[in-house]
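Raw contents of target_4.cif, mmCIF, C-alpha atoms:
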data_upload
loop_
_atom_site.label_atom_id
_atom_site.label_comp_id
_atom_site.auth_asym_id
_atom_site.auth_seq_id
_atom_site.Cartn_x
_atom_site.Cartn_y
_atom_site.Cartn_z
CA MET A 1 31.19 7.95 -30.62
CA ILE A 2 28.90 6.19 -28.13
CA ASP A 3 26.84 7.86 -25.39
CA PRO A 4 28.46 11.33 -25.41
CA VAL A 5 27.63 13.77 -22.60
CA LEU A 6 26.47 17.38 -22.73
CA ASP A 7 27.36 19.07 -19.45
CA TYR A 8 24.38 20.43 -17.50
CA ASP A 9 24.28 22.46 -14.30
CA PRO A 10 20.93 21.76 -12.58
CA LYS A 11 21.25 24.84 -10.37
CA SER A 12 21.41 27.30 -13.26
CA ALA A 13 19.95 25.10 -16.04
CA ARG A 14 23.00 26.04 -18.08
CA THR A 15 24.54 23.63 -20.59
CA SER A 16 28.14 23.52 -21.75
CA SER A 17 30.23 21.32 -24.02
CA GLY A 18 33.42 20.89 -22.00
CA SER A 19 33.20 17.10 -21.87
CA ALA A 20 32.42 16.84 -25.59
CA GLU A 21 35.22 19.27 -26.44
CA ALA A 22 37.72 17.14 -24.51
CA VAL A 23 36.75 14.15 -26.64
CA ALA A 24 36.86 16.24 -29.81
CA LYS A 25 40.37 17.37 -28.95
CA TYR A 26 41.43 13.72 -28.68
CA LEU A 27 39.85 12.92 -32.05
CA VAL A 28 41.38 15.89 -33.85
CA ALA A 29 44.85 15.20 -32.42
CA ARG A 30 44.71 11.72 -33.94
CA ASN A 31 43.07 12.77 -37.21
CA LEU A 32 40.09 10.49 -36.54
CA GLU A 33 36.82 10.64 -38.42
CA ILE A 34 33.49 10.08 -36.67
CA PRO A 35 30.86 8.80 -39.11
CA PHE A 36 28.32 7.99 -36.36
CA VAL A 37 27.33 9.21 -32.92
CA ILE A 38 25.30 6.57 -31.10
CA ASP A 39 23.11 6.55 -27.99
CA THR A 40 22.50 3.16 -26.41
CA HIS A 41 19.18 4.53 -25.08
CA ALA A 42 17.45 7.70 -23.94
CA HIS A 43 19.57 8.29 -20.85
CA ALA A 44 18.03 9.41 -17.57
CA ASP A 45 21.20 10.66 -15.90
CA HIS A 46 22.79 12.96 -18.48
CA LEU A 47 21.98 15.02 -21.54
CA THR A 48 23.26 13.65 -24.82
CA ALA A 49 25.87 15.56 -26.81
CA MET A 50 24.79 14.03 -30.12
CA PRO A 51 24.22 17.43 -31.80
CA TYR A 52 27.75 18.58 -30.94
CA PHE A 53 29.36 15.67 -32.81
CA LYS A 54 26.88 15.91 -35.66
CA LYS A 55 27.67 19.58 -36.19
CA ARG A 56 31.43 19.38 -35.68
CA PHE A 57 32.24 16.07 -37.36
CA GLY A 58 29.24 15.46 -39.61
CA ALA A 59 28.36 12.31 -37.65
CA ARG A 60 24.97 10.72 -38.24
CA THR A 61 22.89 10.26 -35.10
CA ILE A 62 21.97 6.63 -34.36
CA THR A 63 19.83 4.80 -31.82
CA GLY A 64 17.58 1.74 -31.60
CA SER A 65 14.47 1.40 -33.73
CA ARG A 66 12.12 1.11 -30.77
CA VAL A 67 12.94 4.56 -29.41
CA GLY A 68 9.44 5.61 -30.47
CA GLU A 69 8.03 3.61 -27.55
CA VAL A 70 10.07 5.70 -25.16
CA GLN A 71 9.15 8.90 -26.99
CA LYS A 72 5.45 8.09 -26.75
CA THR A 73 5.64 7.39 -23.02
CA PHE A 74 7.48 10.59 -22.24
CA ARG A 75 5.47 12.67 -24.70
CA ASP A 76 2.51 11.92 -22.46
CA ILE A 77 4.46 12.45 -19.23
CA TYR A 78 5.64 15.88 -20.40
CA ASN A 79 2.39 16.64 -22.24
CA LEU A 80 4.34 17.55 -25.37
CA GLY A 81 1.26 17.40 -27.56
CA ALA A 82 -0.03 15.14 -30.30
CA ASP A 83 2.21 16.77 -32.89
CA PHE A 84 5.41 15.64 -31.12
CA PRO A 85 6.85 12.86 -33.36
CA VAL A 86 7.09 9.43 -31.74
CA ASP A 87 8.58 7.54 -34.67
CA GLY A 88 12.24 8.32 -34.01
CA ARG A 89 12.55 10.79 -36.89
CA GLN A 90 14.64 13.09 -34.67
CA PHE A 91 17.53 10.66 -35.25
CA ASP A 92 19.25 10.20 -38.59
CA LEU A 93 19.10 6.43 -38.51
CA LEU A 94 17.34 3.79 -36.41
CA LEU A 95 18.75 0.27 -36.21
CA ASP A 96 17.02 -3.03 -35.53
CA GLU A 97 18.48 -6.14 -33.95
CA GLY A 98 21.30 -7.55 -36.05
CA GLN A 99 21.69 -4.60 -38.40
CA GLU A 100 25.19 -3.31 -38.98
CA LEU A 101 26.99 -0.05 -39.70
CA ASP A 102 30.17 0.26 -41.75
CA ALA A 103 32.78 2.27 -39.84
CA GLY A 104 36.08 2.29 -41.64
CA ALA A 105 37.93 -0.95 -41.03
CA PHE A 106 35.23 -2.53 -38.86
CA ARG A 107 31.49 -3.04 -38.55
CA ILE A 108 29.17 -2.07 -35.71
CA ARG A 109 26.41 -4.59 -34.97
CA ALA A 110 23.22 -3.63 -33.14
CA MET A 111 22.03 -5.85 -30.29
CA HIS A 112 18.58 -5.19 -28.84
CA THR A 113 19.04 -5.53 -25.06
CA PRO A 114 15.85 -4.23 -23.42
CA GLY A 115 15.15 -4.13 -19.70
CA HIS A 116 16.54 -0.85 -18.47
CA THR A 117 14.41 0.71 -21.22
CA PRO A 118 12.39 -1.06 -23.94
CA ALA A 119 14.52 0.45 -26.71
CA HIS A 120 17.94 -0.16 -25.16
CA MET A 121 20.65 -1.30 -27.57
CA SER A 122 24.14 -2.66 -27.04
CA TRP A 123 26.71 -2.23 -29.81
CA GLN A 124 29.19 -4.94 -30.80
CA ILE A 125 32.44 -4.00 -32.52
CA GLU A 126 34.63 -7.05 -33.22
CA ASP A 127 35.49 -8.56 -29.81
CA ALA A 128 34.03 -5.65 -27.82
CA VAL A 129 30.47 -4.80 -26.76
CA PHE A 130 29.39 -1.42 -25.46
CA VAL A 131 26.63 -2.51 -23.10
CA GLY A 132 25.12 0.83 -22.07
CA ASP A 133 22.95 0.40 -18.98
CA THR A 134 22.62 -3.38 -18.84
CA LEU A 135 25.61 -4.46 -16.77
CA PHE A 136 27.96 -2.57 -14.47
CA MET A 137 31.29 -3.84 -13.20
CA PRO A 138 30.90 -7.25 -11.51
CA ASP A 139 31.29 -5.81 -8.01
CA TYR A 140 28.32 -3.48 -8.56
CA GLY A 141 25.84 -5.55 -10.56
CA THR A 142 23.20 -4.63 -13.12
CA ALA A 143 21.05 -1.69 -14.21
CA ARG A 144 17.78 -0.65 -12.60
CA CYS A 145 14.52 -1.53 -14.34
CA ASP A 146 11.96 0.75 -12.70
CA PHE A 147 11.78 3.48 -15.34
CA PRO A 148 8.66 3.59 -17.57
CA GLY A 149 8.75 0.58 -19.87
CA GLY A 150 11.53 -1.10 -17.90
CA SER A 151 11.45 -4.83 -17.19
CA ALA A 152 13.70 -6.92 -14.96
CA ASP A 153 12.48 -10.01 -16.79
CA GLN A 154 13.64 -8.57 -20.11
CA LEU A 155 16.93 -7.43 -18.63
CA PHE A 156 17.59 -10.96 -17.36
CA ASP A 157 17.14 -12.28 -20.91
CA SER A 158 19.26 -9.49 -22.41
CA ILE A 159 22.13 -10.26 -20.07
CA GLN A 160 21.87 -13.96 -20.90
CA ARG A 161 22.40 -12.99 -24.56
CA ILE A 162 25.53 -11.08 -23.58
CA TYR A 163 26.72 -14.02 -21.48
CA ALA A 164 26.28 -16.30 -24.51
CA LEU A 165 29.02 -14.41 -26.37
CA PRO A 166 32.57 -15.81 -26.33
CA GLU A 167 33.98 -15.51 -22.81
CA SER A 168 36.90 -13.40 -24.02
CA THR A 169 34.52 -10.70 -25.33
CA ARG A 170 35.33 -7.34 -23.79
CA LEU A 171 32.41 -5.47 -22.23
CA PHE A 172 32.67 -1.69 -21.96
CA MET A 173 30.60 -0.11 -19.21
CA CYS A 174 28.49 3.03 -19.42
CA HIS A 175 29.04 3.82 -15.73
CA ASP A 176 31.26 2.81 -12.84
CA TYR A 177 30.12 3.67 -9.34
CA GLN A 178 33.45 2.57 -7.77
CA PRO A 179 32.06 0.58 -4.80
CA GLY A 180 34.25 0.80 -1.74
CA GLY A 181 36.13 3.69 -3.28
CA ARG A 182 38.16 1.46 -5.59
CA ASP A 183 39.86 2.87 -8.69
CA LEU A 184 37.76 3.57 -11.76
CA ARG A 185 37.20 0.61 -14.09
CA PHE A 186 35.33 0.61 -17.38
CA VAL A 187 36.02 -2.72 -19.10
CA THR A 188 35.51 -6.34 -18.09
CA THR A 189 34.86 -9.61 -19.96
CA VAL A 190 31.97 -11.98 -20.41
CA ALA A 191 33.89 -14.56 -18.39
CA GLU A 192 34.40 -12.20 -15.46
CA GLN A 193 30.77 -11.12 -15.42
CA LYS A 194 29.47 -14.69 -15.63
CA ARG A 195 31.67 -15.83 -12.78
CA SER A 196 31.40 -12.95 -10.36
CA ASN A 197 28.66 -10.39 -11.04
CA ILE A 198 27.19 -9.90 -7.57
CA GLN A 199 23.61 -9.52 -8.82
CA LEU A 200 23.39 -11.75 -11.87
CA ASN A 201 25.96 -14.40 -12.67
CA GLU A 202 25.77 -17.80 -14.36
CA ARG A 203 24.40 -19.37 -11.15
CA THR A 204 21.59 -16.86 -10.59
CA ALA A 205 18.05 -18.15 -11.19
CA ARG A 206 15.56 -15.91 -12.96
CA GLU A 207 13.13 -15.69 -10.03
CA GLU A 208 15.97 -14.93 -7.64
CA TYR A 209 17.08 -12.05 -9.84
CA LEU A 210 13.58 -10.68 -10.38
CA LYS A 211 12.93 -10.65 -6.64
CA PHE A 212 16.24 -8.92 -5.96
CA ARG A 213 15.80 -6.33 -8.73
CA LYS A 214 12.26 -5.40 -7.65
CA THR A 215 13.35 -4.98 -4.02
CA ARG A 216 16.48 -3.04 -4.93
CA ASP A 217 14.74 -0.71 -7.39
CA ALA A 218 12.12 0.19 -4.77
CA GLN A 219 14.92 1.58 -2.61
CA LEU A 220 16.50 3.79 -5.30
CA ASP A 221 15.93 7.51 -5.69
CA MET A 222 15.19 8.89 -9.13
CA PRO A 223 18.32 10.06 -10.96
CA ALA A 224 18.94 13.73 -10.27
CA LEU A 225 18.77 14.68 -13.95
CA ILE A 226 16.02 12.39 -15.24
CA LEU A 227 13.40 15.10 -15.73
CA PRO A 228 15.58 17.52 -17.72
CA ALA A 229 17.59 14.77 -19.45
CA VAL A 230 14.92 12.56 -20.96
CA GLN A 231 13.00 15.38 -22.65
CA ILE A 232 16.23 16.42 -24.38
CA ASN A 233 17.37 12.90 -25.19
CA ILE A 234 14.12 11.80 -26.86
CA ARG A 235 14.75 14.72 -29.24
CA ALA A 236 18.22 13.32 -30.13
CA GLY A 237 19.73 16.12 -28.07
CA ALA A 238 17.81 19.01 -29.60
CA PHE A 239 16.45 21.64 -27.24
CA PRO A 240 12.74 22.50 -27.21
CA GLU A 241 11.87 25.25 -29.64
CA ALA A 242 12.59 28.70 -28.24
CA GLU A 243 9.59 30.73 -27.16
CA ALA A 244 8.74 34.29 -28.17
CA ASN A 245 11.42 35.75 -25.90
CA GLY A 246 14.12 33.65 -27.56
CA THR A 247 14.57 31.27 -24.62
CA ALA A 248 13.99 27.50 -24.67
CA TYR A 249 12.27 25.98 -21.64
CA LEU A 250 12.16 22.52 -20.09
CA LYS A 251 8.99 21.12 -18.50
CA ILE A 252 9.02 19.60 -15.02
CA PRO A 253 5.87 17.62 -14.10
CA LEU A 254 4.92 18.33 -10.50
CA ASN A 255 3.81 15.55 -8.13
CA LEU A 256 3.71 12.96 -10.90
CA PHE A 257 6.44 10.60 -9.69
#

Now that the file is in, can you turn its structure into structure tokens?
Amino acid sequence: MIDPVLDYDPKSARTSSGSAEAVAKYLVARNLEIPFVIDTHAHADHLTAMPYFKKRFGARTITGSRVGEVQKTFRDIYNLGADFPVDGRQFDLLLDEGQELDAGAFRIRAMHTPGHTPAHMSWQIEDAVFVGDTLFMPDYGTARCDFPGGSADQLFDSIQRIYALPESTRLFMCHDYQPGGRDLRFVTTVAEQKRSNIQLNERTAREEYLKFRKTRDAQLDMPALILPAVQINIRAGAFPEAEANGTAYLKIPLNLF
């Protein structure tokens, strides 16, 4: 399971597991086991449902080994205190570049693809790569790089690594924004991205891309859920400890961004 979503209503601050339950229903109907639940990175646009799949299926929670860098940055942003762990211990297992997981009949290989965040990982399974927030469909482009620790220069290099894979490699997207109202798409190939990605293809020079990405990112609003999402996601999906009244609270920094 890669990048699962916990539903969150920003108006009421209420969470629910409808999306995760729909996936679980699919898994149960096919008698599938889930040994791992993986986040490509600490997402800024949704809460992770890692704990749901850990509790229901016994899945181990996995992310990249450099997640501590993200935890440290946001520990300071949210003023979580010096005792908040920033070594990734909230996850069951942290993987470095090139390490692999055994998953039944196949292996899952970790690829460190920073840029969107410094700890971002893509996950290769045979002829498929789950790219998280590196690339989008070719008619939309690439991920933003203006979050803390982000780097358009690093993202350029990460995408070149993906482009160096065999051209038939399937690339599974984390998002599809359906430009022009076209039908939803979620898979493309290295060949298609190299030929036709509108922001970064095989003909795009580094400096051209860096200039574009900096200009484009300056025009983007912050994701609507970044402030609630990241403080949950750096905890591997755990909520903050409940206070004396039995309620857990999120922190929203005022006038910081």

Legend entry - Shell around A:Glu100 at 10 Å using all atoms listed in the file, local window under 3 positions removed, as a list of chain:residue names: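 What passes the distance filter is A:Leu95, A:Asp96, A:Glu97, A:Ala103, A:Arg107, A:Ile108, A:Arg109, A:Ala110, A:Met111, A:Trp123, A:Gln124, A:Ile125.
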
At a cut-off of 10 Å, using all atoms listed in the file, what residues contact A:Thr142? Leave out same-chain residues fewer than 5 positions from it and give the result as a CSV table (one decimal) with C-alpha atoms, in the frame of the given file.
chain,number,residue,atom,x,y,z
A,116,HIS,CA,16.5,-0.8,-18.5
A,133,ASP,CA,23.0,0.4,-19.0
A,134,THR,CA,22.6,-3.4,-18.8
A,135,LEU,CA,25.6,-4.5,-16.8
A,136,PHE,CA,28.0,-2.6,-14.5
A,137,MET,CA,31.3,-3.8,-13.2
A,152,ALA,CA,13.7,-6.9,-15.0
A,155,LEU,CA,16.9,-7.4,-18.6
A,156,PHE,CA,17.6,-11.0,-17.4
A,159,ILE,CA,22.1,-10.3,-20.1
A,197,ASN,CA,28.7,-10.4,-11.0
A,198,ILE,CA,27.2,-9.9,-7.6
A,199,GLN,CA,23.6,-9.5,-8.8
A,200,LEU,CA,23.4,-11.8,-11.9
A,213,ARG,CA,15.8,-6.3,-8.7

Inset, instruction - Quote the spacing between atom CA of A:Leu227 and atom CA of A:Thr73 in Å to one decimal place. - result: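 Calculated distance between atom CA of A:Leu227 and atom CA of A:Thr73 is 13.1 Å.
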
Determine, counting all atoms listed in the file, every residue of protein, DNA or RNA that lies within 9 Å of (24.4, 2.6, -25.1) in the file coordinates, then give the result as a CSV table (one decimal) with C-alpha atoms, in the coordinates of the input.
chain,number,residue,atom,x,y,z
A,2,ILE,CA,28.9,6.2,-28.1
A,3,ASP,CA,26.8,7.9,-25.4
A,38,ILE,CA,25.3,6.6,-31.1
A,39,ASP,CA,23.1,6.6,-28.0
A,40,THR,CA,22.5,3.2,-26.4
A,41,HIS,CA,19.2,4.5,-25.1
A,42,ALA,CA,17.4,7.7,-23.9
A,43,HIS,CA,19.6,8.3,-20.8
A,63,THR,CA,19.8,4.8,-31.8
A,120,HIS,CA,17.9,-0.2,-25.2
A,121,MET,CA,20.6,-1.3,-27.6
A,122,SER,CA,24.1,-2.7,-27.0
A,123,TRP,CA,26.7,-2.2,-29.8
A,130,PHE,CA,29.4,-1.4,-25.5
A,131,VAL,CA,26.6,-2.5,-23.1
A,132,GLY,CA,25.1,0.8,-22.1
A,133,ASP,CA,23.0,0.4,-19.0
A,134,THR,CA,22.6,-3.4,-18.8
A,173,MET,CA,30.6,-0.1,-19.2
A,174,CYS,CA,28.5,3.0,-19.4

Inset, instruction - Enumerate, as a ChimeraX atom specification, the residues matched when the PyMOL selection byres ((chain A and resi 8) around 12) is run on the file above. - result: /A:5-7,9-20,45-49,224-226,228-229,232

Inset, instruction - Go through A:Glu192, A:Tyr52, A:Leu94, A:Gly141 one by one, measure the shortest atom-to-atom distance of each to A:Gln178 using only C-alpha atoms, and give the residue with the smallest value. - result: A:Gly141

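Evaluating the PyMOL selection byres ((chain A and resi 179-190) around 8) against the shown model yields Met137, Asp139, Tyr140, Ile162, Tyr163, Leu165, Pro166, Glu167, Ser168, Thr169, Arg170, Leu171, Phe172, Met173, Cys174, His175, Asp176, Tyr177, Gln178, Ala191, Glu192, Gln193 and Lys194 of chain A.
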
Inset, instruction - Kindly give the distance, in Å, that separates atom CA of A:Asp157 and atom CA of A:Ser65, rounded to a single decimal. - result: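 Atom CA of A:Ser65 lies 18.9 Å from atom CA of A:Asp157.
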
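Between atom CA of A:Ala236 and atom CA of A:Gln90 the separation is 5.8 Å.
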
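Distance check against A:Leu93 using all atoms listed in the file: of A:Arg60, A:His112, A:Arg203, A:Arg144, the minimum falls on A:Arg60.
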
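Of the residues listed (A:Leu32, A:Ala143, A:Leu80, A:Leu256), A:Leu32 shows the shortest atom-to-atom separation from A:Gly104; distances use only C-alpha atoms.
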
Inset, instruction - Would you mind telling me which residue in A:Asn79, A:Asp87, A:Asp221, A:Arg161 lies nearest to A:Ile252 when using all atoms listed in the file? - result: A:Asn79

Legend entry - Selection result for the PyMOL selection byres ((chain A and resi 69) around 12) on this file, as a ChimeraX atom specification: /A:41-42,64-68,70-76,85-88,114,117-120,148-150,234

Inset, instruction - Have a look at A:Gln231, A:Phe84, A:Gln99, A:Asp146 and name the one nearest to A:Arg216; count all atoms listed in the file. - result: A:Asp146

Inset, instruction - Considering all atoms listed in the file, return as a ChimeraX atom specification whatever protein or nucleic-acid residues lie within 12 Å of A:Lys55, sequence-local ones (same chain, fewer than 5 positions apart) excluded. - result: /A:20,24,34-37,49-50,60-61,237-238
